[in-house]
Each structure stands twice: as structure tokens, then as C-alpha cells.
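Chemist: Dropping the structure in here first, questions after.
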Amino acid sequence: MHIVVLGAGALGAYFGGRWMESGADVTFLVREKRAAQIRENGLKINSTQGDYELESPQVVTDPNDIQAADLVLVSVKGYHLDGTLDYLKSLKKKGAYVLPVLNGIEHIRTLQNELGKECVLGGLAFIFATLNDKGHVEHTGENHQLIFGPLEASQQRICAELDRLSRKAGFVAKYSDHISFELWKKYMFITALSGITAAANLPIGPIREHAETFHIVKMILREMQSLANAYGEAIPDAEVEAAIQNIRTFDPEATSSMHKDRRKGVQLEVDHLQGGAVRLAADVDLEVPYIRTVLGLIKPFEHGRYKC
């Protein structure tokens, strides 16, 4: 199987590198600036789960340099998705299925509309990783899980092939026949966590300490549960309670990537996450007042105009 990793950010470089470590054929399709960085510094994974240095990674900047592909891993931020579409259309013509691991749900519909339902798989990842100054992956924590599965019956073969390949790689792979449920479950969790930490500009510890503030977390989870149900994915109450308890176990200084981005004064995924939830809710006449309020509080910081 030939896998193309579109971009080589922390997530893409990590999973692409682990596939390479297991002997898979991997090509990184990146922008010129990232290609130059990799040529200068190489590509390394520094990880709690074992370090790995990628020897002579295949790096290209033009999809025309790729003759054929079986799968494309897409791990860009939601606000960069539109910029990938021409590349994805080109790779689709070369035989590739597309595995997006973005947060949220709206991107699935976008990709299906642009590429067709048959080639868009469902996927998500759980990992804490960043790039250091040299462009190498810094993976912290225990999580390094990739979950994927078919959204159409015709995709079962490629998902089974990816499962066999990934089980030999140095991360936790999970093939799910209920990938839409997995997508909604993560969307529920990350909308609550990113929303409250970015809106309050606080890590989770102080938020938990104040019942009035933690109540917002619980209500966002409930609104997301109702939204998933409206779209045909029944998330049981037990999953909501499990999410609440999970958040209670976090280190007090733990926070979301959106909150970290707000602190840095860089662009936020608020439109893709909370904004997407509000749009999806409006389409089915569902009221989500807590999500809408959090969206309003974060929106001024979306484009990095204010740093605090």
C-alpha cells in the first residue's frame, strides 16, 4: 500500500513516520517551506513510545510527482481544508482513498461533495504531539491512537488493508465498523473541552473548581449529544458521563490546543468546531445556546488579532 501524507505537521509526521518504521511505502506531500526544513534537518520522532529517525523520507511538493496512491492521510486544521482540495482531486484520479483525521464533522460532507462519497473514509486520532524548532515531532503522553473505518460498504476492503498494515506500526490502530459514532463522540468531547478552555482562557483545573463554570462543560456535552442524535447517531447518557469523568481526571494544567493557540495569538479552529456545531444545529432546528454563547466569546480571537 502506498500512503501519501498530505502535510507533515505533528500528527501527519508521527503516523506517517510510524508507518515508515514498519516498512510501509509513505510519501509526504508538503509545501516548499516544510520540504526545505525536512531537507535541512531530516525528520525525527521523539516519543514516550520510542524514538525514530526517518531515513531519506520521500518528500514532494507537487502531486504530479506521485504516480499512484492507495490512501491519503489528511490531518490539516479545519481552516486549511479548502486549500487541500485540488491536491486531493489529483490524488483521487491516481486511485487514492482519502482518510481525513480532522476534528469535527462538517469536513466529511465537504469532502464527499467535492470528491464523491465512495473515496472518503472516516477517521480520527488521539495524540498529543507538536513540532519543535527543527520540525521534528515531540510526542508526549501515552495516547497515539488512529481510528478509522468505512463510511460506505465499498470501503471495507481498503480499511481492512489499512488495519493489517497499521497493526504492524508503532501506534494503536483501531478499525471501527461504527466510525460515524466514533466521530460524533470525539466531536462532542472536543467541542466542550476546547470551548470552555478557550472561552475562559484557563486550563481545566480552575474550570473544574467552580461548579458554575464546569456546568457549562456539562451542558455543551448534552447539546452535542442532542445534535448527534438529530443526525442519526445515538450517543447514550453513559458516554456523556464518561466524558465528564474523563475531564475530571485531567491534570489541572491540562488544556486544549485551541486554548494554546489563543494564548499564542494564532488562528483558531473555532469556526470548524463550535461554528460547525451551530450550523449543523440550525439545519435541523435544534437550539444549542451554550455552544452558541461559547462561540461568541471565542470568535474575536479566531484570527489572532488579540493575544492574551
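Labels for the C-alpha cells follow display order: chains A, B, ..., residues from 1 in each chain, ligands from 1.
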Quick check for you: according to DSSP on this backbone, which residues of range 114-182 of chain A are classed as strand (DSSP E)? Reply as a ChimeraX atom specification.

Modeler: /A:122-131,137-149,172-175

Chemist: Wanna dump the range 111-175 of chain A-range 80-93 of chain A contacts at 9 Å for me, each residue with its shortest atom pair and the distance in Å to one decimal, counting only C-alpha atoms, ordered by chain and number, as CSV?

Modeler:
```
residue,atom,partner,partner_atom,distance
A:Leu111,CA,A:Leu85,CA,8.0
A:Glu114,CA,A:Leu85,CA,7.6
A:Leu115,CA,A:Lys89,CA,6.5
A:Cys119,CA,A:Lys92,CA,7.6
```

Chemist: For range 165-177 of chain A, find every residue with an atom within 7 Å (counting only C-alpha atoms), except residues of its own chain fewer than 6 positions away, and show them as a ChimeraX atom specification.

Modeler: /A:18-19,21-22,144-150

Chemist: Which neighbours of Met258 in chain A fall inside 8 Å, counting only C-alpha atoms, when residues of the same chain fewer than 2 positions from it are skipped, and could you give them as a PyMOL selection string?

Modeler: chain A and resi 194+197-198+256+260-262+268-270

Chemist: Please provide as a list of chain:residue names all residues within 9 Å of Lys299 in chain A, with the sequence filter that same-chain residues fewer than 3 positions apart are discarded (counting only C-alpha atoms).

Modeler: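 Answer for this query is A:Leu268, A:Val270, A:Asp271, A:Val294, A:Leu295, A:Gly296, A:Glu302, A:His303.
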
Chemist: Can you write just those residues out, N, CA, C and O atoms, as a PDB file, in the first residue's frame?

Modeler:
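Written file, part.pdb:
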```pdb
ATOM      1  N   LEU A 268      -7.543  30.167  15.172  1.00  0.00           N
ATOM      2  CA  LEU A 268      -8.240  29.136  15.929  1.00  0.00           C
ATOM      3  C   LEU A 268      -9.190  28.350  15.033  1.00  0.00           C
ATOM      4  O   LEU A 268      -9.680  28.856  14.031  1.00  0.00           O
ATOM      5  N   VAL A 270     -12.173  27.602  15.777  1.00  0.00           N
ATOM      6  CA  VAL A 270     -13.481  27.813  16.383  1.00  0.00           C
ATOM      7  C   VAL A 270     -14.610  27.723  15.357  1.00  0.00           C
ATOM      8  O   VAL A 270     -15.692  27.185  15.656  1.00  0.00           O
ATOM      9  N   ASP A 271     -14.400  28.204  14.144  1.00  0.00           N
ATOM     10  CA  ASP A 271     -15.459  28.121  13.144  1.00  0.00           C
ATOM     11  C   ASP A 271     -15.705  26.680  12.742  1.00  0.00           C
ATOM     12  O   ASP A 271     -16.851  26.276  12.516  1.00  0.00           O
ATOM     13  N   VAL A 294     -20.519  30.189  23.799  1.00  0.00           N
ATOM     14  CA  VAL A 294     -19.069  29.970  23.797  1.00  0.00           C
ATOM     15  C   VAL A 294     -18.465  30.396  22.457  1.00  0.00           C
ATOM     16  O   VAL A 294     -17.384  31.000  22.406  1.00  0.00           O
ATOM     17  N   LEU A 295     -19.157  30.087  21.375  1.00  0.00           N
ATOM     18  CA  LEU A 295     -18.707  30.539  20.057  1.00  0.00           C
ATOM     19  C   LEU A 295     -18.556  32.060  20.034  1.00  0.00           C
ATOM     20  O   LEU A 295     -17.542  32.592  19.550  1.00  0.00           O
ATOM     21  N   GLY A 296     -19.548  32.754  20.561  1.00  0.00           N
ATOM     22  CA  GLY A 296     -19.492  34.205  20.576  1.00  0.00           C
ATOM     23  C   GLY A 296     -18.340  34.751  21.400  1.00  0.00           C
ATOM     24  O   GLY A 296     -17.732  35.773  21.048  1.00  0.00           O
ATOM     25  N   GLU A 302     -10.439  34.521  16.804  1.00  0.00           N
ATOM     26  CA  GLU A 302     -10.301  33.497  15.760  1.00  0.00           C
ATOM     27  C   GLU A 302      -9.072  33.709  14.875  1.00  0.00           C
ATOM     28  O   GLU A 302      -8.376  32.749  14.534  1.00  0.00           O
ATOM     29  N   HIS A 303      -8.801  34.930  14.490  1.00  0.00           N
ATOM     30  CA  HIS A 303      -7.735  35.203  13.537  1.00  0.00           C
ATOM     31  C   HIS A 303      -6.484  35.794  14.191  1.00  0.00           C
ATOM     32  O   HIS A 303      -5.652  36.398  13.525  1.00  0.00           O
TER      33      HIS A 303
END
```

Chemist: Might you pull out every residue within 9 Å of Lys185 in chain A, with only C-alpha atoms counted and same-chain residues fewer than 2 positions away left off, and present them as a PyMOL selection string?

Modeler: chain A and resi 180-183+187-190+224-225+228+235+239-240

Chemist: With all heavy atoms retained, write the just-selected residues as a compact mmCIF listing (two decimals), in the first residue's frame.

Modeler:
```txt
# COMPACT_ATOMS: atom_id res chain seq x y z
N SER A 180 -18.82 6.56 12.22
CA SER A 180 -19.59 7.79 12.39
C SER A 180 -19.87 8.05 13.87
O SER A 180 -19.80 9.20 14.33
CB SER A 180 -20.90 7.70 11.60
OG SER A 180 -21.64 8.90 11.72
N PHE A 181 -20.17 7.01 14.62
CA PHE A 181 -20.38 7.14 16.06
C PHE A 181 -19.10 7.64 16.74
O PHE A 181 -19.15 8.52 17.61
CB PHE A 181 -20.81 5.79 16.65
CG PHE A 181 -20.92 5.79 18.15
CD1 PHE A 181 -22.04 6.30 18.77
CD2 PHE A 181 -19.91 5.25 18.93
CE1 PHE A 181 -22.15 6.31 20.16
CE2 PHE A 181 -20.01 5.25 20.32
CZ PHE A 181 -21.14 5.77 20.93
N GLU A 182 -17.96 7.07 16.34
CA GLU A 182 -16.68 7.49 16.93
C GLU A 182 -16.40 8.96 16.62
O GLU A 182 -15.91 9.70 17.47
CB GLU A 182 -15.54 6.62 16.38
CG GLU A 182 -15.65 5.14 16.68
CD GLU A 182 -15.35 4.80 18.11
OE1 GLU A 182 -14.93 5.70 18.88
OE2 GLU A 182 -15.53 3.63 18.49
N LEU A 183 -16.72 9.39 15.41
CA LEU A 183 -16.51 10.79 15.03
C LEU A 183 -17.36 11.73 15.88
O LEU A 183 -16.88 12.76 16.37
CB LEU A 183 -16.84 10.98 13.55
CG LEU A 183 -15.84 10.42 12.55
CD1 LEU A 183 -16.46 10.37 11.16
CD2 LEU A 183 -14.57 11.26 12.52
N TYR A 187 -16.22 14.54 18.59
CA TYR A 187 -16.68 15.91 18.33
C TYR A 187 -17.37 16.47 19.57
O TYR A 187 -17.17 17.64 19.94
CB TYR A 187 -17.61 15.91 17.12
CG TYR A 187 -17.97 17.26 16.57
CD1 TYR A 187 -17.21 18.40 16.84
CD2 TYR A 187 -19.08 17.42 15.75
CE1 TYR A 187 -17.54 19.64 16.32
CE2 TYR A 187 -19.43 18.66 15.21
CZ TYR A 187 -18.66 19.75 15.50
OH TYR A 187 -18.99 20.98 14.97
N MET A 188 -18.17 15.65 20.21
CA MET A 188 -18.84 16.06 21.44
C MET A 188 -17.82 16.48 22.50
O MET A 188 -17.92 17.56 23.10
CB MET A 188 -19.70 14.91 21.97
CG MET A 188 -20.35 15.17 23.31
SD MET A 188 -21.28 13.72 23.93
CE MET A 188 -19.91 12.65 24.45
N PHE A 189 -16.82 15.65 22.69
CA PHE A 189 -15.83 15.88 23.74
C PHE A 189 -14.98 17.12 23.46
O PHE A 189 -14.80 17.99 24.32
CB PHE A 189 -14.94 14.65 23.89
CG PHE A 189 -13.93 14.75 24.99
CD1 PHE A 189 -14.28 14.43 26.29
CD2 PHE A 189 -12.63 15.15 24.73
CE1 PHE A 189 -13.35 14.53 27.32
CE2 PHE A 189 -11.69 15.25 25.75
CZ PHE A 189 -12.06 14.94 27.05
N ILE A 190 -14.46 17.21 22.23
CA ILE A 190 -13.52 18.29 21.92
C ILE A 190 -14.23 19.63 21.83
O ILE A 190 -13.65 20.67 22.14
CB ILE A 190 -12.73 17.96 20.64
CG1 ILE A 190 -11.46 18.82 20.60
CG2 ILE A 190 -13.57 18.18 19.39
CD1 ILE A 190 -10.46 18.37 19.57
N MET A 224 -24.29 18.65 22.43
CA MET A 224 -23.65 17.86 21.36
C MET A 224 -24.27 16.47 21.28
O MET A 224 -24.41 15.91 20.18
CB MET A 224 -22.15 17.77 21.60
CG MET A 224 -21.40 19.07 21.37
SD MET A 224 -21.56 19.71 19.67
CE MET A 224 -20.77 18.40 18.73
N GLN A 225 -24.66 15.91 22.40
CA GLN A 225 -25.37 14.63 22.39
C GLN A 225 -26.67 14.76 21.61
O GLN A 225 -26.99 13.91 20.77
CB GLN A 225 -25.65 14.18 23.83
CG GLN A 225 -26.42 12.87 23.92
CD GLN A 225 -26.91 12.58 25.34
OE1 GLN A 225 -27.19 13.51 26.11
NE2 GLN A 225 -26.99 11.30 25.68
N ALA A 228 -25.90 15.07 17.85
CA ALA A 228 -25.57 13.77 17.25
C ALA A 228 -26.83 12.94 17.05
O ALA A 228 -27.03 12.32 15.99
CB ALA A 228 -24.58 13.02 18.13
N ILE A 235 -25.93 8.82 20.92
CA ILE A 235 -24.88 8.77 21.94
C ILE A 235 -25.56 8.58 23.29
O ILE A 235 -26.31 9.45 23.74
CB ILE A 235 -24.04 10.05 21.94
CG1 ILE A 235 -23.28 10.17 20.61
CG2 ILE A 235 -23.07 10.06 23.11
CD1 ILE A 235 -22.40 11.39 20.51
N GLU A 239 -22.04 7.60 27.78
CA GLU A 239 -20.89 8.20 27.10
C GLU A 239 -20.68 9.65 27.55
O GLU A 239 -19.55 10.11 27.68
CB GLU A 239 -21.08 8.15 25.58
CG GLU A 239 -21.02 6.75 24.99
CD GLU A 239 -19.61 6.18 24.97
OE1 GLU A 239 -18.66 6.89 25.35
OE2 GLU A 239 -19.46 5.01 24.57
N VAL A 240 -21.78 10.35 27.79
CA VAL A 240 -21.66 11.72 28.29
C VAL A 240 -21.07 11.72 29.70
O VAL A 240 -20.16 12.51 30.01
CB VAL A 240 -23.04 12.42 28.30
CG1 VAL A 240 -22.92 13.83 28.86
CG2 VAL A 240 -23.62 12.46 26.89
```

Chemist: Pick from A:Arg109, A:Lys94, A:His2, A:His178: nearest to Ala234 in chain A, with only C-alpha atoms counted?

Modeler: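 Among A:Arg109, A:Lys94, A:His2, A:His178, it is A:His178 that comes nearest to Ala234 in chain A.
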
Chemist: Write out as a PyMOL selection string which residues come within 12 Å of range 285-293 of chain A when counting only C-alpha atoms, dropping same-chain ones fewer than 6 positions away.

Modeler: chain A and resi 188+190-196+199-200+213+215-231+270-271+273-279+299

Chemist: For the residues selected in the previous step, produce a file with N, CA, C and O atoms as a short mmCIF file (atom, residue, chain, number, x, y, z; two decimals), in the first residue's frame.

Modeler:
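That gives us out19.cif:
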```
data_model
loop_
_atom_site.label_atom_id
_atom_site.label_comp_id
_atom_site.auth_asym_id
_atom_site.auth_seq_id
_atom_site.Cartn_x
_atom_site.Cartn_y
_atom_site.Cartn_z
N MET A 188 -18.17 15.65 20.21
CA MET A 188 -18.84 16.06 21.44
C MET A 188 -17.82 16.48 22.50
O MET A 188 -17.92 17.56 23.10
N ILE A 190 -14.46 17.21 22.23
CA ILE A 190 -13.52 18.29 21.92
C ILE A 190 -14.23 19.63 21.83
O ILE A 190 -13.65 20.67 22.14
N THR A 191 -15.51 19.64 21.44
CA THR A 191 -16.25 20.90 21.41
C THR A 191 -16.40 21.46 22.81
O THR A 191 -16.27 22.67 23.03
N ALA A 192 -16.65 20.59 23.77
CA ALA A 192 -16.79 21.03 25.16
C ALA A 192 -15.44 21.48 25.73
O ALA A 192 -15.34 22.57 26.32
N LEU A 193 -14.41 20.66 25.56
CA LEU A 193 -13.12 20.97 26.18
C LEU A 193 -12.47 22.20 25.54
O LEU A 193 -12.02 23.10 26.25
N SER A 194 -12.45 22.24 24.21
CA SER A 194 -11.83 23.40 23.55
C SER A 194 -12.64 24.66 23.81
O SER A 194 -12.08 25.74 24.01
N GLY A 195 -13.96 24.51 23.81
CA GLY A 195 -14.82 25.67 24.00
C GLY A 195 -14.64 26.33 25.35
O GLY A 195 -14.44 27.55 25.44
N ILE A 196 -14.67 25.53 26.41
CA ILE A 196 -14.61 26.13 27.75
C ILE A 196 -13.22 26.66 28.07
O ILE A 196 -13.07 27.73 28.67
N ALA A 199 -12.67 29.85 25.83
CA ALA A 199 -13.55 30.96 26.23
C ALA A 199 -13.14 31.53 27.58
O ALA A 199 -13.11 32.75 27.77
N ALA A 200 -12.81 30.66 28.53
CA ALA A 200 -12.42 31.12 29.87
C ALA A 200 -10.95 31.54 29.92
O ALA A 200 -10.54 32.20 30.89
N THR A 213 -18.94 27.19 36.34
CA THR A 213 -18.17 27.11 35.08
C THR A 213 -18.17 25.69 34.54
O THR A 213 -18.35 25.48 33.33
N HIS A 215 -20.41 23.58 34.93
CA HIS A 215 -21.76 23.32 34.43
C HIS A 215 -21.84 23.59 32.93
O HIS A 215 -22.55 22.87 32.20
N ILE A 216 -21.11 24.57 32.45
CA ILE A 216 -21.11 24.88 31.01
C ILE A 216 -20.55 23.70 30.22
O ILE A 216 -21.06 23.35 29.15
N VAL A 217 -19.50 23.08 30.74
CA VAL A 217 -18.93 21.89 30.09
C VAL A 217 -20.00 20.81 29.95
O VAL A 217 -20.19 20.22 28.88
N LYS A 218 -20.69 20.56 31.04
CA LYS A 218 -21.72 19.51 31.03
C LYS A 218 -22.82 19.83 30.04
O LYS A 218 -23.31 18.94 29.32
N MET A 219 -23.23 21.08 29.98
CA MET A 219 -24.32 21.45 29.08
C MET A 219 -23.89 21.40 27.61
O MET A 219 -24.69 21.02 26.74
N ILE A 220 -22.64 21.75 27.32
CA ILE A 220 -22.16 21.61 25.93
C ILE A 220 -22.15 20.14 25.53
O ILE A 220 -22.54 19.78 24.42
N LEU A 221 -21.72 19.28 26.43
CA LEU A 221 -21.75 17.84 26.14
C LEU A 221 -23.18 17.38 25.84
O LEU A 221 -23.41 16.60 24.91
N ARG A 222 -24.13 17.86 26.62
CA ARG A 222 -25.53 17.47 26.41
C ARG A 222 -26.06 18.02 25.08
O ARG A 222 -26.79 17.32 24.37
N GLU A 223 -25.70 19.25 24.76
CA GLU A 223 -26.14 19.81 23.48
C GLU A 223 -25.55 19.04 22.31
O GLU A 223 -26.23 18.79 21.31
N MET A 224 -24.29 18.65 22.43
CA MET A 224 -23.65 17.86 21.36
C MET A 224 -24.27 16.47 21.28
O MET A 224 -24.41 15.91 20.18
N GLN A 225 -24.66 15.91 22.40
CA GLN A 225 -25.37 14.63 22.39
C GLN A 225 -26.67 14.76 21.61
O GLN A 225 -26.99 13.91 20.77
N SER A 226 -27.42 15.82 21.87
CA SER A 226 -28.68 16.05 21.16
C SER A 226 -28.45 16.27 19.67
O SER A 226 -29.23 15.80 18.83
N LEU A 227 -27.36 16.96 19.33
CA LEU A 227 -27.04 17.21 17.93
C LEU A 227 -26.71 15.90 17.21
O LEU A 227 -27.19 15.66 16.10
N ALA A 228 -25.90 15.07 17.85
CA ALA A 228 -25.57 13.77 17.25
C ALA A 228 -26.83 12.94 17.05
O ALA A 228 -27.03 12.32 15.99
N ASN A 229 -27.70 12.93 18.06
CA ASN A 229 -28.94 12.19 17.94
C ASN A 229 -29.78 12.68 16.77
O ASN A 229 -30.41 11.89 16.05
N ALA A 230 -29.79 14.01 16.56
CA ALA A 230 -30.56 14.59 15.46
C ALA A 230 -30.03 14.16 14.10
O ALA A 230 -30.78 14.14 13.12
N TYR A 231 -28.75 13.79 14.06
CA TYR A 231 -28.14 13.33 12.82
C TYR A 231 -28.02 11.80 12.75
O TYR A 231 -27.27 11.26 11.94
N VAL A 270 -12.17 27.60 15.78
CA VAL A 270 -13.48 27.81 16.38
C VAL A 270 -14.61 27.72 15.36
O VAL A 270 -15.69 27.18 15.66
N ASP A 271 -14.40 28.20 14.14
CA ASP A 271 -15.46 28.12 13.14
C ASP A 271 -15.71 26.68 12.74
O ASP A 271 -16.85 26.28 12.52
N LEU A 273 -15.18 23.96 14.61
CA LEU A 273 -15.72 23.17 15.72
C LEU A 273 -17.04 23.75 16.24
O LEU A 273 -18.12 23.26 15.91
N GLN A 274 -16.96 24.81 17.03
CA GLN A 274 -18.19 25.38 17.59
C GLN A 274 -19.07 25.99 16.50
O GLN A 274 -20.29 25.83 16.53
N GLY A 275 -18.47 26.67 15.54
CA GLY A 275 -19.25 27.23 14.44
C GLY A 275 -19.95 26.15 13.63
O GLY A 275 -21.12 26.30 13.24
N GLY A 276 -19.24 25.05 13.39
CA GLY A 276 -19.84 23.94 12.67
C GLY A 276 -21.02 23.35 13.42
O GLY A 276 -22.05 23.01 12.81
N ALA A 277 -20.88 23.24 14.74
CA ALA A 277 -21.98 22.69 15.54
C ALA A 277 -23.21 23.59 15.47
O ALA A 277 -24.34 23.10 15.36
N VAL A 278 -23.00 24.90 15.51
CA VAL A 278 -24.12 25.83 15.42
C VAL A 278 -24.80 25.73 14.05
O VAL A 278 -26.04 25.72 13.96
N ARG A 279 -24.02 25.62 12.99
CA ARG A 279 -24.61 25.49 11.65
C ARG A 279 -25.38 24.18 11.51
O ARG A 279 -26.49 24.14 10.96
N LYS A 299 -15.00 33.93 19.29
CA LYS A 299 -14.93 34.42 17.92
C LYS A 299 -13.98 35.61 17.74
O LYS A 299 -13.26 35.67 16.73
#
```

Chemist: DSSP on the backbone, then: every residue of range 191-241 of chain A marked alpha helix (DSSP H), written as an MDAnalysis selection string.

Modeler: chainID A and resid 191:200 204:209 211:230 237:241

Chemist: Based on the selection just made, write C-alpha atoms of those residues as an mmCIF file, in the first residue's frame.

Modeler:
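out_30.cif was written with the following content:
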```cif
data_model
loop_
_atom_site.group_PDB
_atom_site.id
_atom_site.type_symbol
_atom_site.label_atom_id
_atom_site.label_comp_id
_atom_site.auth_asym_id
_atom_site.auth_seq_id
_atom_site.Cartn_x
_atom_site.Cartn_y
_atom_site.Cartn_z
ATOM 1 C CA THR A 191 -16.253 20.900 21.408
ATOM 2 C CA ALA A 192 -16.787 21.035 25.164
ATOM 3 C CA LEU A 193 -13.118 20.975 26.179
ATOM 4 C CA SER A 194 -11.825 23.395 23.554
ATOM 5 C CA GLY A 195 -14.822 25.671 24.004
ATOM 6 C CA ILE A 196 -14.610 26.128 27.746
ATOM 7 C CA THR A 197 -10.811 26.422 27.996
ATOM 8 C CA ALA A 198 -10.551 28.888 25.093
ATOM 9 C CA ALA A 199 -13.546 30.956 26.228
ATOM 10 C CA ALA A 200 -12.418 31.115 29.867
ATOM 11 C CA ILE A 204 -9.135 22.686 33.129
ATOM 12 C CA GLY A 205 -8.206 22.845 36.843
ATOM 13 C CA PRO A 206 -9.732 26.250 37.664
ATOM 14 C CA ILE A 207 -12.728 25.427 35.469
ATOM 15 C CA ARG A 208 -13.449 22.283 37.480
ATOM 16 C CA GLU A 209 -13.083 24.173 40.750
ATOM 17 C CA ALA A 211 -19.366 24.485 39.689
ATOM 18 C CA GLU A 212 -20.958 27.281 37.690
ATOM 19 C CA THR A 213 -18.175 27.111 35.082
ATOM 20 C CA PHE A 214 -17.996 23.319 34.965
ATOM 21 C CA HIS A 215 -21.757 23.324 34.432
ATOM 22 C CA ILE A 216 -21.108 24.875 31.010
ATOM 23 C CA VAL A 217 -18.927 21.891 30.095
ATOM 24 C CA LYS A 218 -21.718 19.507 31.030
ATOM 25 C CA MET A 219 -24.318 21.453 29.081
ATOM 26 C CA ILE A 220 -22.162 21.607 25.933
ATOM 27 C CA LEU A 221 -21.748 17.841 26.141
ATOM 28 C CA ARG A 222 -25.531 17.468 26.412
ATOM 29 C CA GLU A 223 -26.144 19.812 23.481
ATOM 30 C CA MET A 224 -23.655 17.860 21.365
ATOM 31 C CA GLN A 225 -25.369 14.633 22.390
ATOM 32 C CA SER A 226 -28.685 16.048 21.161
ATOM 33 C CA LEU A 227 -27.042 17.205 17.930
ATOM 34 C CA ALA A 228 -25.567 13.773 17.252
ATOM 35 C CA ASN A 229 -28.944 12.188 17.945
ATOM 36 C CA ALA A 230 -30.558 14.586 15.462
ATOM 37 C CA ASP A 237 -26.021 9.017 28.520
ATOM 38 C CA ALA A 238 -23.246 6.720 29.718
ATOM 39 C CA GLU A 239 -20.892 8.202 27.098
ATOM 40 C CA VAL A 240 -21.661 11.720 28.295
ATOM 41 C CA GLU A 241 -20.999 10.731 31.900
#
```

Chemist: Using only C-alpha atoms, tabulate the residues of range 96-169 of chain A lying at most 7 Å from any atom of range 45-68 of chain A, each with its closest atom pair and that distance in Å to one decimal, by chain and increasing residue number, as a Markdown table.

Modeler:
```
| residue | atom | partner | partner_atom | distance |
| --- | --- | --- | --- | --- |
| A:His136 | CA | A:Ile45 | CA | 6.1 |
| A:Val137 | CA | A:Ile45 | CA | 4.7 |
| A:Glu138 | CA | A:Asn46 | CA | 5.1 |
| A:His139 | CA | A:Ser47 | CA | 4.6 |
| A:Thr140 | CA | A:Thr48 | CA | 6.0 |
| A:Gly141 | CA | A:Thr48 | CA | 6.6 |
| A:Glu142 | CA | A:Thr48 | CA | 7.0 |
```

Chemist: Give me, please, the distance in Å between CA of Gly12 in chain A and CA of Leu73 in chain A, quoted to one decimal.

Modeler: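 Separation between CA of Gly12 in chain A and CA of Leu73 in chain A: 7.3 Å.
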
Chemist: What does the structure give for the distance between CA of Gly78 in chain A and CA of Leu124 in chain A, in Å to one decimal?

Modeler: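 So the two atoms, CA of Gly78 in chain A and CA of Leu124 in chain A, lie 13.1 Å apart.
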